[in-house]
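The file coords-v8.cif contains mmCIF, C-alpha atoms:
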```
data_upload
loop_
_atom_site.label_atom_id
_atom_site.label_comp_id
_atom_site.auth_asym_id
_atom_site.auth_seq_id
_atom_site.Cartn_x
_atom_site.Cartn_y
_atom_site.Cartn_z
CA MET J 1 0.00 0.00 0.00
CA ASP J 2 3.00 2.31 0.48
CA LEU J 3 3.35 2.25 -3.27
CA LEU J 4 0.01 4.00 -3.64
CA ALA J 5 0.67 6.78 -1.11
CA PHE J 6 -0.03 10.31 -2.27
CA GLY J 7 2.83 12.80 -2.44
CA ASN J 8 6.50 12.13 -3.19
CA THR J 9 6.69 8.73 -1.50
CA GLY J 10 4.12 6.86 -3.57
CA TRP J 11 2.36 6.75 -6.89
CA GLY J 12 -1.19 7.49 -5.70
CA ASP J 13 -1.45 11.06 -6.92
CA GLU J 14 0.31 10.31 -10.21
CA LEU J 15 -2.10 7.46 -10.92
CA PHE J 16 -5.05 9.64 -9.90
CA PHE J 17 -4.11 12.33 -12.41
CA ALA J 18 -3.39 9.67 -15.02
CA THR J 19 -6.94 8.37 -14.53
CA LEU J 20 -8.29 11.88 -15.05
CA MET J 21 -6.19 12.05 -18.23
CA THR J 22 -7.69 8.79 -19.49
CA ILE J 23 -11.19 10.16 -18.85
CA ALA J 24 -10.33 13.45 -20.57
CA VAL J 25 -8.91 11.70 -23.63
CA SER J 26 -11.91 9.35 -23.84
CA ILE J 27 -14.42 12.20 -23.68
CA THR J 28 -12.50 14.33 -26.20
CA ALA J 29 -12.15 11.34 -28.52
CA MET J 30 -15.84 10.55 -28.20
CA ILE J 31 -16.76 14.15 -29.11
CA ILE J 32 -14.35 14.14 -32.08
CA GLY J 33 -15.89 10.81 -33.07
CA PHE J 34 -19.38 12.35 -32.99
CA CYS J 35 -18.17 15.11 -35.30
CA PHE J 36 -16.84 12.50 -37.73
CA ALA J 37 -20.09 10.55 -37.45
CA LEU J 38 -22.12 13.70 -38.21
CA ILE J 39 -20.12 14.11 -41.42
CA PHE J 40 -20.00 10.50 -42.53
CA THR J 41 -23.46 9.20 -41.57
CA PRO J 42 -25.21 11.37 -44.21
CA LEU J 43 -22.56 10.27 -46.74
CA LYS J 44 -23.25 6.62 -46.00
CA LEU J 45 -26.99 7.15 -46.38
CA SER J 46 -26.64 9.31 -49.48
CA LYS J 47 -27.92 8.06 -52.81
CA ASN J 48 -25.02 9.65 -54.65
CA LYS J 49 -22.61 6.81 -55.47
CA PHE J 50 -19.44 8.85 -55.00
CA LEU J 51 -20.44 10.24 -51.59
CA ASN J 52 -21.59 6.80 -50.58
CA PHE J 53 -18.21 5.37 -51.57
CA ILE J 54 -16.38 7.91 -49.39
CA GLY J 55 -18.58 7.14 -46.40
CA ASN J 56 -18.17 3.40 -46.82
CA SER J 57 -14.39 3.64 -47.29
CA TYR J 58 -14.02 5.51 -44.02
CA THR J 59 -15.85 2.95 -41.91
CA THR J 60 -14.41 -0.07 -43.73
CA ILE J 61 -10.80 1.08 -43.54
CA ILE J 62 -10.89 2.25 -39.94
CA ARG J 63 -12.76 -0.82 -38.70
CA GLY J 64 -10.54 -3.19 -40.69
CA VAL J 65 -7.13 -1.81 -39.73
CA PRO J 66 -5.67 -2.20 -36.22
CA GLU J 67 -6.03 0.81 -33.93
CA LEU J 68 -2.31 0.76 -33.25
CA LEU J 69 -1.50 1.24 -36.94
CA VAL J 70 -3.82 4.28 -37.14
CA ILE J 71 -2.13 5.71 -34.06
CA TYR J 72 1.35 5.21 -35.54
CA LEU J 73 0.21 6.87 -38.77
CA LEU J 74 -0.98 9.96 -36.92
CA PHE J 75 1.87 9.98 -34.44
CA PHE J 76 4.59 9.82 -37.08
CA GLY J 77 2.67 11.51 -39.88
CA GLY J 78 0.61 14.07 -37.94
CA SER J 79 3.20 16.79 -37.44
CA GLY J 80 4.47 16.27 -41.00
CA ALA J 81 1.00 16.82 -42.40
CA VAL J 82 0.42 19.94 -40.30
CA MET J 83 3.84 21.30 -41.27
CA TYR J 84 3.04 20.67 -44.93
CA VAL J 85 -0.21 22.61 -44.67
CA ALA J 86 1.58 25.38 -42.75
CA SER J 87 4.31 25.59 -45.40
CA ILE J 88 1.66 26.33 -48.03
CA PHE J 89 0.81 29.40 -45.98
CA GLY J 90 4.47 30.32 -45.76
CA TYR J 91 5.26 29.05 -42.27
CA ASN J 92 8.36 26.87 -42.39
CA LYS J 93 9.36 26.28 -38.77
CA TYR J 94 9.12 22.95 -37.00
CA ILE J 95 5.72 22.39 -35.43
CA GLU J 96 5.28 19.87 -32.70
CA ILE J 97 1.75 18.72 -32.03
CA ASN J 98 0.58 18.15 -28.53
CA ALA J 99 0.45 14.44 -27.61
CA PHE J 100 -3.01 14.92 -26.09
CA LEU J 101 -4.41 16.29 -29.34
CA THR J 102 -2.79 13.63 -31.54
CA GLY J 103 -3.98 10.89 -29.23
CA SER J 104 -7.54 12.14 -28.92
CA PHE J 105 -7.70 12.70 -32.65
CA ALA J 106 -6.46 9.18 -33.41
CA ILE J 107 -8.91 7.56 -31.00
CA GLY J 108 -11.60 9.98 -32.22
CA ILE J 109 -11.22 8.81 -35.82
CA ILE J 110 -11.59 5.19 -34.68
CA SER J 111 -14.52 5.88 -32.38
CA GLY J 112 -16.13 7.95 -35.15
CA ALA J 113 -16.22 4.95 -37.47
CA TYR J 114 -18.11 2.92 -34.88
CA SER J 115 -20.46 5.83 -34.09
CA THR J 116 -21.19 6.26 -37.80
CA GLU J 117 -22.28 2.64 -38.03
CA VAL J 118 -24.47 3.04 -34.95
CA PHE J 119 -26.17 6.18 -36.29
CA ARG J 120 -26.65 4.65 -39.72
CA GLY J 121 -28.28 1.59 -38.18
CA ALA J 122 -30.48 3.73 -35.94
CA ILE J 123 -31.69 5.96 -38.77
CA GLN J 124 -32.37 3.00 -41.02
CA SER J 125 -34.47 1.28 -38.40
CA ILE J 126 -36.76 4.30 -37.96
CA ASP J 127 -40.15 3.52 -39.44
CA LYS J 128 -40.48 4.76 -43.04
CA GLY J 129 -43.86 6.29 -42.20
CA GLN J 130 -42.10 8.89 -40.07
CA PHE J 131 -40.14 10.21 -43.05
CA GLU J 132 -43.23 10.16 -45.26
CA ALA J 133 -45.41 11.82 -42.63
CA SER J 134 -43.05 14.72 -42.12
CA LYS J 135 -42.81 15.12 -45.89
CA VAL J 136 -46.59 15.18 -46.20
CA LEU J 137 -46.83 17.72 -43.40
CA GLY J 138 -44.41 19.88 -45.37
CA LEU J 139 -41.86 20.18 -42.55
CA LYS J 140 -38.69 22.01 -43.42
CA LYS J 141 -35.50 19.90 -43.59
CA PRO J 142 -33.94 21.14 -40.29
CA VAL J 143 -37.22 20.71 -38.39
CA HIS J 144 -37.67 17.30 -39.95
CA PHE J 145 -34.17 16.24 -38.86
CA PHE J 146 -33.99 17.77 -35.37
CA LYS J 147 -37.57 17.32 -34.23
CA VAL J 148 -38.60 14.08 -35.92
CA ILE J 149 -35.58 11.96 -36.80
CA MET J 150 -33.05 12.94 -34.12
CA PRO J 151 -35.14 12.11 -31.01
CA GLN J 152 -36.11 8.72 -32.40
CA MET J 153 -32.58 8.02 -33.59
CA LEU J 154 -31.02 8.84 -30.21
CA ARG J 155 -33.39 6.50 -28.44
CA LEU J 156 -32.33 3.65 -30.72
CA ALA J 157 -28.67 4.63 -30.67
CA VAL J 158 -28.04 5.02 -26.93
CA PRO J 159 -27.56 1.30 -26.09
CA ASN J 160 -25.11 0.85 -28.97
CA LEU J 161 -23.34 4.11 -28.21
CA SER J 162 -22.60 2.76 -24.75
CA ASN J 163 -20.67 -0.04 -26.49
CA VAL J 164 -18.77 2.55 -28.52
CA TRP J 165 -17.93 4.37 -25.30
CA GLN J 166 -16.54 1.19 -23.74
CA ILE J 167 -14.44 0.50 -26.85
CA THR J 168 -13.17 4.09 -26.87
CA LEU J 169 -12.30 3.96 -23.17
CA LYS J 170 -10.27 0.80 -23.66
CA ASP J 171 -8.63 2.06 -26.85
CA THR J 172 -7.16 5.05 -25.00
CA SER J 173 -4.71 2.61 -23.40
CA LEU J 174 -3.09 2.30 -26.83
CA ILE J 175 -2.02 5.92 -27.03
CA SER J 176 0.39 5.23 -24.18
CA VAL J 177 2.79 4.21 -27.00
CA THR J 178 2.97 7.88 -28.00
CA GLY J 179 4.09 8.93 -24.53
CA LEU J 180 0.94 10.62 -23.27
CA VAL J 181 0.80 10.01 -19.53
CA GLU J 182 -2.51 8.24 -18.99
CA ILE J 183 -3.19 5.17 -16.82
CA MET J 184 -1.15 2.74 -18.93
CA ARG J 185 1.84 5.02 -19.40
CA GLN J 186 1.90 5.99 -15.72
CA SER J 187 1.79 2.32 -14.70
CA TYR J 188 4.64 1.63 -17.12
CA ILE J 189 6.72 4.38 -15.54
CA ALA J 190 5.86 3.28 -12.01
CA ALA J 191 6.53 -0.37 -12.82
CA GLY J 192 9.88 0.53 -14.32
CA SER J 193 11.12 2.56 -11.39
CA THR J 194 9.84 0.30 -8.60
CA ARG J 195 10.43 -3.01 -10.42
CA ASP J 196 6.96 -4.10 -9.44
CA PRO J 197 5.11 -4.52 -12.76
CA LEU J 198 2.65 -7.11 -11.46
CA PHE J 199 1.24 -4.74 -8.86
CA PHE J 200 1.03 -1.67 -11.06
CA TYR J 201 -0.43 -3.35 -14.14
CA SER J 202 -2.98 -5.16 -11.99
CA PHE J 203 -3.84 -1.84 -10.40
CA ALA J 204 -4.23 -0.33 -13.88
CA ALA J 205 -6.61 -3.18 -14.71
CA VAL J 206 -8.62 -2.37 -11.58
CA LEU J 207 -8.78 1.30 -12.57
CA TYR J 208 -10.07 0.41 -16.04
CA LEU J 209 -12.63 -1.98 -14.54
CA LEU J 210 -13.76 0.78 -12.21
CA LEU J 211 -14.12 3.21 -15.11
CA THR J 212 -16.09 0.76 -17.25
CA PHE J 213 -18.26 -0.21 -14.28
CA LEU J 214 -19.07 3.38 -13.29
CA SER J 215 -19.77 4.49 -16.85
CA MET J 216 -22.05 1.48 -17.28
CA LYS J 217 -24.08 2.61 -14.25
CA LEU J 218 -24.33 6.12 -15.65
CA ILE J 219 -25.31 4.95 -19.12
CA ASN J 220 -28.02 2.68 -17.69
CA LYS J 221 -29.61 5.77 -16.15
CA LEU J 222 -29.45 7.53 -19.52
CA GLU J 223 -31.03 4.54 -21.21
CA ILE J 224 -33.95 4.59 -18.79
CA LYS J 225 -34.40 8.27 -19.56
CA TYR J 226 -34.44 7.70 -23.30
CA ARG J 227 -36.65 4.65 -23.11
CA ARG J 228 -39.45 6.71 -21.59
CA GLY J 229 -42.50 6.88 -23.78
CA TYR J 230 -42.09 3.48 -25.28
CA MET B 1 4.43 9.10 -52.70
CA ASP B 2 7.46 6.83 -52.53
CA LEU B 3 6.49 3.86 -54.68
CA GLU B 4 9.93 2.28 -54.38
CA LEU B 5 9.65 2.10 -50.61
CA MET B 6 6.17 0.61 -50.91
CA ALA B 7 7.48 -2.08 -53.26
CA SER B 8 10.52 -2.86 -51.14
CA SER B 9 8.61 -3.02 -47.87
CA PHE B 10 5.88 -5.25 -49.26
CA PRO B 11 7.81 -8.58 -49.00
CA LYS B 12 9.00 -7.70 -45.48
CA LEU B 13 5.45 -6.92 -44.41
CA LEU B 14 4.15 -10.06 -46.08
CA ASN B 15 6.66 -12.10 -44.11
CA ALA B 16 5.48 -10.47 -40.90
CA THR B 17 1.90 -11.30 -41.86
CA LEU B 18 2.80 -14.95 -41.27
CA VAL B 19 3.56 -14.13 -37.61
CA THR B 20 0.23 -12.30 -37.34
CA LEU B 21 -1.64 -15.24 -38.86
CA LYS B 22 0.09 -17.73 -36.54
CA LEU B 23 -0.80 -15.62 -33.51
CA LEU B 24 -4.38 -15.25 -34.73
CA SER B 25 -5.03 -18.91 -35.51
CA LEU B 26 -3.49 -20.28 -32.30
CA SER B 27 -5.33 -17.78 -30.08
CA LEU B 28 -8.61 -18.43 -31.88
CA ILE B 29 -8.29 -22.20 -31.35
CA PHE B 30 -7.44 -21.84 -27.64
CA GLY B 31 -10.03 -19.07 -27.29
CA LEU B 32 -12.78 -21.20 -28.79
CA ILE B 33 -12.05 -24.04 -26.35
CA LEU B 34 -11.97 -21.61 -23.42
CA GLY B 35 -15.10 -19.88 -24.66
CA LEU B 36 -17.07 -23.09 -24.99
CA PHE B 37 -15.89 -24.22 -21.55
CA PHE B 38 -16.89 -20.97 -19.85
CA ALA B 39 -20.18 -20.73 -21.75
CA ILE B 40 -21.12 -24.18 -20.41
CA LEU B 41 -20.06 -23.14 -16.89
CA ARG B 42 -22.21 -20.04 -17.25
CA LEU B 43 -25.28 -22.15 -18.01
CA ASN B 44 -24.58 -24.35 -15.00
CA LYS B 45 -27.01 -24.00 -12.10
CA ASN B 46 -24.25 -24.11 -9.49
CA ILE B 47 -23.94 -20.49 -8.32
CA PHE B 48 -20.22 -20.72 -7.63
CA LEU B 49 -19.31 -21.98 -11.12
CA ASN B 50 -21.77 -19.57 -12.67
CA ARG B 51 -20.29 -16.56 -10.87
CA PHE B 52 -16.75 -17.66 -11.61
CA SER B 53 -17.48 -17.73 -15.34
CA TYR B 54 -19.26 -14.39 -15.12
CA PHE B 55 -16.31 -12.71 -13.40
CA TYR B 56 -13.87 -14.18 -15.89
CA SER B 57 -15.70 -12.67 -18.83
CA TYR B 58 -16.41 -9.41 -16.95
CA ILE B 59 -12.75 -8.85 -16.10
CA PHE B 60 -11.37 -9.69 -19.53
CA ARG B 61 -14.01 -7.66 -21.34
CA GLY B 62 -13.76 -4.71 -18.99
CA THR B 63 -10.01 -4.12 -19.24
CA PRO B 64 -7.92 -3.22 -22.29
CA LEU B 65 -6.06 -6.05 -24.02
CA LEU B 66 -2.84 -4.08 -23.60
CA VAL B 67 -3.11 -4.31 -19.79
CA GLN B 68 -3.70 -8.04 -20.03
CA ILE B 69 -0.59 -8.60 -22.17
CA PHE B 70 1.54 -6.46 -19.88
CA ILE B 71 0.36 -8.27 -16.75
CA ILE B 72 1.19 -11.63 -18.30
CA TYR B 73 4.46 -10.65 -19.96
CA PHE B 74 5.97 -8.23 -17.43
CA GLY B 75 3.99 -9.07 -14.32
CA LEU B 76 4.04 -12.86 -14.02
CA GLY B 77 7.84 -12.99 -14.20
CA GLN B 78 7.87 -11.36 -10.80
CA ILE B 79 6.33 -14.34 -9.05
CA GLU B 80 9.17 -16.43 -7.64
CA PHE B 81 7.64 -19.90 -7.85
CA LEU B 82 6.57 -19.34 -11.45
CA ARG B 83 10.14 -18.49 -12.38
CA SER B 84 11.42 -21.71 -10.89
CA SER B 85 8.63 -23.93 -12.25
CA PHE B 86 8.46 -25.55 -15.66
CA LEU B 87 5.88 -22.92 -16.72
CA TRP B 88 8.71 -20.45 -17.01
CA ILE B 89 9.81 -22.11 -20.27
CA ILE B 90 6.53 -20.85 -21.75
CA LEU B 91 6.18 -17.58 -19.86
CA LYS B 92 9.62 -16.23 -20.71
CA GLU B 93 8.75 -16.21 -24.41
CA PRO B 94 6.89 -13.07 -25.54
CA TYR B 95 5.30 -15.19 -28.29
CA TRP B 96 3.53 -17.50 -25.83
CA CYS B 97 2.67 -14.66 -23.46
CA ALA B 98 0.92 -12.89 -26.31
CA ILE B 99 -0.95 -16.07 -27.25
CA ILE B 100 -2.02 -16.64 -23.64
CA ALA B 101 -3.31 -13.07 -23.35
CA PHE B 102 -5.12 -13.19 -26.70
CA SER B 103 -6.67 -16.59 -25.95
CA LEU B 104 -7.96 -15.49 -22.56
CA ASN B 105 -9.32 -12.29 -24.08
CA THR B 106 -11.05 -13.82 -27.07
CA GLY B 107 -12.22 -16.68 -24.82
CA ALA B 108 -14.12 -14.17 -22.70
CA TYR B 109 -15.88 -12.64 -25.71
CA THR B 110 -16.52 -16.05 -27.28
CA SER B 111 -18.10 -17.34 -24.08
CA GLU B 112 -20.56 -14.43 -24.13
CA ILE B 113 -21.39 -15.06 -27.79
CA LEU B 114 -21.93 -18.78 -27.24
CA ARG B 115 -23.90 -18.24 -24.03
CA SER B 116 -26.40 -15.98 -25.74
CA ALA B 117 -26.61 -18.48 -28.61
CA PHE B 118 -27.35 -21.32 -26.17
CA GLU B 119 -29.99 -19.23 -24.44
CA THR B 120 -31.83 -18.37 -27.63
CA ILE B 121 -32.10 -21.95 -28.90
CA ASN B 122 -35.74 -22.76 -29.53
CA LYS B 123 -36.94 -24.96 -26.64
CA GLY B 124 -38.86 -27.06 -29.14
CA PHE B 125 -35.61 -28.59 -30.41
CA ILE B 126 -34.68 -29.85 -26.96
CA GLU B 127 -38.21 -31.01 -26.21
CA ALA B 128 -38.35 -32.82 -29.53
CA GLY B 129 -35.13 -34.61 -28.64
CA ASP B 130 -36.52 -35.46 -25.20
CA SER B 131 -39.72 -36.88 -26.56
CA LEU B 132 -37.76 -39.00 -29.01
CA GLY B 133 -36.01 -40.52 -26.00
CA ILE B 134 -32.57 -39.18 -26.84
CA SER B 135 -30.29 -38.91 -23.84
CA LYS B 136 -29.40 -35.48 -22.40
CA LYS B 137 -25.76 -35.83 -23.42
CA ILE B 138 -26.53 -36.56 -27.04
CA ILE B 139 -29.09 -33.74 -27.14
CA PHE B 140 -26.36 -31.42 -25.93
CA TYR B 141 -23.64 -32.55 -28.32
CA LYS B 142 -25.75 -33.30 -31.38
CA ILE B 143 -28.51 -30.69 -31.14
CA GLN B 144 -27.59 -27.79 -28.86
CA ILE B 145 -23.95 -27.32 -29.83
CA PRO B 146 -24.45 -27.38 -33.63
CA ILE B 147 -27.40 -24.97 -33.44
CA ALA B 148 -25.52 -22.67 -31.08
CA ILE B 149 -22.50 -22.60 -33.41
CA ARG B 150 -24.69 -21.74 -36.38
CA GLN B 151 -26.46 -18.98 -34.49
CA SER B 152 -23.26 -17.42 -33.21
CA LEU B 153 -21.53 -17.36 -36.61
CA PRO B 154 -22.18 -13.67 -37.45
CA ALA B 155 -21.09 -12.47 -34.00
CA TYR B 156 -18.13 -14.82 -34.01
CA GLY B 157 -17.05 -13.48 -37.41
CA ASN B 158 -16.88 -10.01 -35.86
CA GLU B 159 -14.86 -11.42 -32.99
CA ILE B 160 -12.33 -12.97 -35.42
CA ILE B 161 -11.86 -9.58 -37.09
CA LEU B 162 -11.51 -7.86 -33.70
CA MET B 163 -8.92 -10.46 -32.73
CA LEU B 164 -7.02 -9.94 -35.99
CA LYS B 165 -6.76 -6.28 -35.02
CA GLY B 166 -5.90 -7.29 -31.47
CA THR B 167 -2.85 -9.26 -32.57
CA SER B 168 -1.26 -5.94 -33.49
CA LEU B 169 -0.65 -5.46 -29.76
CA ALA B 170 1.94 -8.25 -29.89
CA SER B 171 4.27 -5.60 -31.28
CA THR B 172 4.30 -3.94 -27.84
CA VAL B 173 6.03 -6.99 -26.33
CA THR B 174 8.84 -7.01 -28.91
CA LEU B 175 7.18 -9.42 -31.36
CA MET B 176 7.69 -8.51 -35.00
CA ASP B 177 4.21 -9.05 -36.39
CA LEU B 178 2.72 -7.01 -39.24
CA THR B 179 2.23 -3.90 -37.11
CA GLY B 180 5.63 -4.35 -35.45
CA VAL B 181 7.46 -4.45 -38.77
CA ALA B 182 5.35 -1.57 -40.11
CA LYS B 183 6.30 0.54 -37.10
CA TYR B 184 9.96 -0.38 -37.55
CA ILE B 185 9.91 0.68 -41.21
CA ILE B 186 8.04 3.91 -40.36
CA SER B 187 10.51 4.85 -37.64
CA THR B 188 13.55 4.21 -39.86
CA THR B 189 12.26 5.86 -43.05
CA PHE B 190 9.84 8.46 -41.64
CA LYS B 191 7.38 7.70 -44.43
CA PRO B 192 4.25 6.79 -42.44
CA ILE B 193 1.70 7.18 -45.22
CA GLU B 194 3.33 4.75 -47.68
CA VAL B 195 3.85 2.06 -45.04
CA PHE B 196 0.34 2.59 -43.70
CA ILE B 197 -1.13 2.03 -47.15
CA VAL B 198 0.74 -1.25 -47.66
CA ALA B 199 0.27 -2.65 -44.13
CA GLY B 200 -3.32 -1.39 -43.91
CA GLY B 201 -4.00 -2.95 -47.30
CA ILE B 202 -2.79 -6.34 -46.08
CA TYR B 203 -4.99 -6.08 -42.96
CA LEU B 204 -7.99 -5.04 -45.06
CA PHE B 205 -7.41 -7.96 -47.41
CA MET B 206 -7.42 -10.35 -44.44
CA THR B 207 -10.62 -8.86 -42.99
CA PHE B 208 -12.20 -9.11 -46.44
CA ILE B 209 -11.33 -12.83 -46.66
CA ILE B 210 -12.56 -13.55 -43.12
CA HIS B 211 -15.77 -11.61 -43.70
CA ASN B 212 -16.59 -13.50 -46.88
CA PHE B 213 -15.61 -16.87 -45.44
CA ILE B 214 -18.02 -16.37 -42.54
CA ARG B 215 -20.73 -15.30 -44.97
CA TYR B 216 -20.13 -18.47 -46.98
CA LEU B 217 -20.41 -20.58 -43.81
CA GLU B 218 -23.61 -18.78 -42.81
CA LYS B 219 -25.16 -19.56 -46.16
CA LYS B 220 -23.97 -23.15 -46.15
CA TYR B 221 -25.37 -23.88 -42.70
CA SER B 222 -28.55 -21.84 -42.91
CA TYR B 223 -31.73 -23.68 -42.19
#
```

Show this structure as structure tokens.
Amino acid sequence: MDLLAFGNTGWGDELFFATLMTIAVSITAMIIGFCFALIFTPLKLSKNKFLNFIGNSYTTIIRGVPELLVIYLLFFGGSGAVMYVASIFGYNKYIEINAFLTGSFAIGIISGAYSTEVFRGAIQSIDKGQFEASKVLGLKKPVHFFKVIMPQMLRLAVPNLSNVWQITLKDTSLISVTGLVEIMRQSYIAAGSTRDPLFFYSFAAVLYLLLTFLSMKLINKLEIKYRRGY
Amino acid sequence: MDLELMASSFPKLLNATLVTLKLLSLSLIFGLILGLFFAILRLNKNIFLNRFSYFYSYIFRGTPLLVQIFIIYFGLGQIEFLRSSFLWIILKEPYWCAIIAFSLNTGAYTSEILRSAFETINKGFIEAGDSLGISKKIIFYKIQIPIAIRQSLPAYGNEIILMLKGTSLASTVTLMDLTGVAKYIISTTFKPIEVFIVAGGIYLFMTFIIHNFIRYLEKKYSY
């Protein structure tokens, strides 16, 4: 237990902040993923073949390639790409991208592919009559989407989005390879300097279990809220 | 776009694909056995066995695969009696540590898939077997297991693809699988996009094959 003491003698406070970092990365990644899903879900549902192809390529590639490979691509290629864009605007100095942003972005792209699939499935399982009815009523497009489709879609999507959240939470452990100090990286550092990997990695496992357990409880409450009216 | 690098790295990556495929096939075989075993325990009425199986799948599904590999590869070496026992021959090899971690992980998911398949079997099948006077054992092996396998095919296909992606984590314990070699080439040439296209293409090709193979099986065994 001495190993987990707060302050300079133990690793308690470091692990506590690392846990907060994991939560922060997961939430940021989830939000970035939603942004991707908002762009790609309409593409996947579009009747235009070209747009459809783009939407399908995104989800197929990201869901078919290991997360680690995507992270390496962004980690090694991210700053190069940003520097290239900056050089077009005449800025030629070295730019280093924050590890937090690269990590969240990488996990966000992955989580976005899963969210896109969830939203697509949810929209497709809405009864066709709903679309026809709002057309007949002459609702404008934004009203149709936000007042008719969105509430029904969210209700169908929430249970599956909780799966996406769990996947995202667990995937954040992978960005420890880029050096961002979250639970996994902190345990690696602690294990290296105390020569007690068994304890620290097991403790990391407990922390992840705690996070998945607590978020499950929270999501269940959300689900009850969204199931109202059925 | 450096086409020369793409061409020269392709054979290296293809070689590494063999390691990935070996890891995948061995862990899937062990995982299937574990999964079936724990799914049967889960259906058992004995509360102790039931809970044990539940906790196994809860723990392995609730923690990242990376933590599981690290505990097995870095952590278990710390236990004195393991180091002196014959198990150490297996546990000192990163290759076997990775396979143990992958098998336990995919076993947990497989047990959940099989359990739900067992639970959704139409009771009529079992009752029909009963009324024909077939013994419980034969009903289980000849009726319940084949139906459960057929019903879990789509979900199990997803699990195979997830596991294929999971094997990339072997590169974190010094194994040179497809992702490991890709990372090595990226870090020596600093050409991430080219290597990503080749390595990602190989992964996509494998998922494509797995996906279609499962589809073929689904069609073949549909009833």

Please check the contacts: residues of chain J at most 6 Å away from chain B, using all atoms listed in the file, listed as an NGL selection string.
:J and (64-66 or 73 or 77 or 170 or 197-198 or 201 or 205 or 208-209)

Pairwise distance for atom CA of Lys44 of chain J and atom CA of Val164 of chain J, rounded to one decimal in Å:
18.5 Å

Pick from B:Thr188, B:Thr20, B:Asn15, B:Ser27, whichever lies nearest to Trp96 of chain B using all atoms listed in the file
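Answer, going by the shortest atom-to-atom distance: B:Ser27.
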
Tell me which protein, DNA and RNA residues are within 9 Å of Arg227 of chain J, counting all atoms listed in the file, leaving out same-chain ones fewer than 5 positions away, and put them as number ranges by chain.
J: 155-156, 222

Those same residues, written as a short mmCIF file (atom, residue, chain, number, x, y, z; two decimals), keeping the file's coordinate frame with C-alpha atoms?
```cif
data_model
loop_
_atom_site.label_atom_id
_atom_site.label_comp_id
_atom_site.auth_asym_id
_atom_site.auth_seq_id
_atom_site.Cartn_x
_atom_site.Cartn_y
_atom_site.Cartn_z
CA ARG J 155 -33.39 6.50 -28.44
CA LEU J 156 -32.33 3.65 -30.72
CA LEU J 222 -29.45 7.53 -19.52
#
```

Decode the PyMOL selection byres ((chain B and resi 106-110) around 7) for the given file into explicit residues and return them as a compact mmCIF listing (two decimals) with C-alpha atoms, in the frame of the given file.
```
# COMPACT_ATOMS: atom_id res chain seq x y z
CA GLY B 31 -10.03 -19.07 -27.29
CA LEU B 32 -12.78 -21.20 -28.79
CA LEU B 34 -11.97 -21.61 -23.42
CA GLY B 35 -15.10 -19.88 -24.66
CA TYR B 56 -13.87 -14.18 -15.89
CA SER B 57 -15.70 -12.67 -18.83
CA PHE B 60 -11.37 -9.69 -19.53
CA ARG B 61 -14.01 -7.66 -21.34
CA PHE B 102 -5.12 -13.19 -26.70
CA SER B 103 -6.67 -16.59 -25.95
CA LEU B 104 -7.96 -15.49 -22.56
CA ASN B 105 -9.32 -12.29 -24.08
CA SER B 111 -18.10 -17.34 -24.08
CA GLU B 112 -20.56 -14.43 -24.13
CA ILE B 113 -21.39 -15.06 -27.79
CA LEU B 114 -21.93 -18.78 -27.24
CA MET B 163 -8.92 -10.46 -32.73
```

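Compared by their closest atoms to Phe213 of chain J, and using only C-alpha atoms, the residues J:Tyr226, J:Phe100, J:Phe40, J:Trp165 rank with J:Trp165 nearest.
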
Check which residues satisfy the PyMOL selection byres ((chain J and resi 49-56) around 12) in the file shown, then give them as a PyMOL selection string.
chain J and resi 36-48+57-64+112-114+116-117+120

Distance query Trp11 of chain J at most 10 Å, only C-alpha atoms, self and fewer than 3 positions along chain excluded, as a tab-separated table (two decimals) with C-alpha atoms, keeping the file's coordinate frame:
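As a result, result.tsv now contains:
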```tsv
chain	number	residue	atom	x	y	z
J	1	MET	CA	0.00	0.00	0.00
J	2	ASP	CA	3.00	2.31	0.48
J	3	LEU	CA	3.35	2.25	-3.27
J	4	LEU	CA	0.01	4.00	-3.64
J	5	ALA	CA	0.67	6.78	-1.11
J	6	PHE	CA	-0.03	10.31	-2.27
J	7	GLY	CA	2.83	12.80	-2.44
J	8	ASN	CA	6.50	12.13	-3.19
J	14	GLU	CA	0.31	10.31	-10.21
J	15	LEU	CA	-2.10	7.46	-10.92
J	16	PHE	CA	-5.05	9.64	-9.90
J	186	GLN	CA	1.90	5.99	-15.72
J	187	SER	CA	1.79	2.32	-14.70
J	189	ILE	CA	6.72	4.38	-15.54
J	190	ALA	CA	5.86	3.28	-12.01
J	200	PHE	CA	1.03	-1.67	-11.06
```

What would the selection look like, as a short mmCIF file (atom, residue, chain, number, x, y, z; two decimals) with C-alpha atoms, keeping the file's coordinate frame, if the PyMOL selection byres ((chain J and resi 25) around 9) were run on the coordinates I just shared?
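Result went into expr-v1.cif, see below:
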```
data_model
loop_
_atom_site.label_atom_id
_atom_site.label_comp_id
_atom_site.auth_asym_id
_atom_site.auth_seq_id
_atom_site.Cartn_x
_atom_site.Cartn_y
_atom_site.Cartn_z
CA LEU J 20 -8.29 11.88 -15.05
CA MET J 21 -6.19 12.05 -18.23
CA THR J 22 -7.69 8.79 -19.49
CA ILE J 23 -11.19 10.16 -18.85
CA ALA J 24 -10.33 13.45 -20.57
CA SER J 26 -11.91 9.35 -23.84
CA ILE J 27 -14.42 12.20 -23.68
CA THR J 28 -12.50 14.33 -26.20
CA ALA J 29 -12.15 11.34 -28.52
CA MET J 30 -15.84 10.55 -28.20
CA PHE J 100 -3.01 14.92 -26.09
CA LEU J 101 -4.41 16.29 -29.34
CA GLY J 103 -3.98 10.89 -29.23
CA SER J 104 -7.54 12.14 -28.92
CA ILE J 107 -8.91 7.56 -31.00
CA LEU J 169 -12.30 3.96 -23.17
CA THR J 172 -7.16 5.05 -25.00
CA GLU J 182 -2.51 8.24 -18.99
#
```
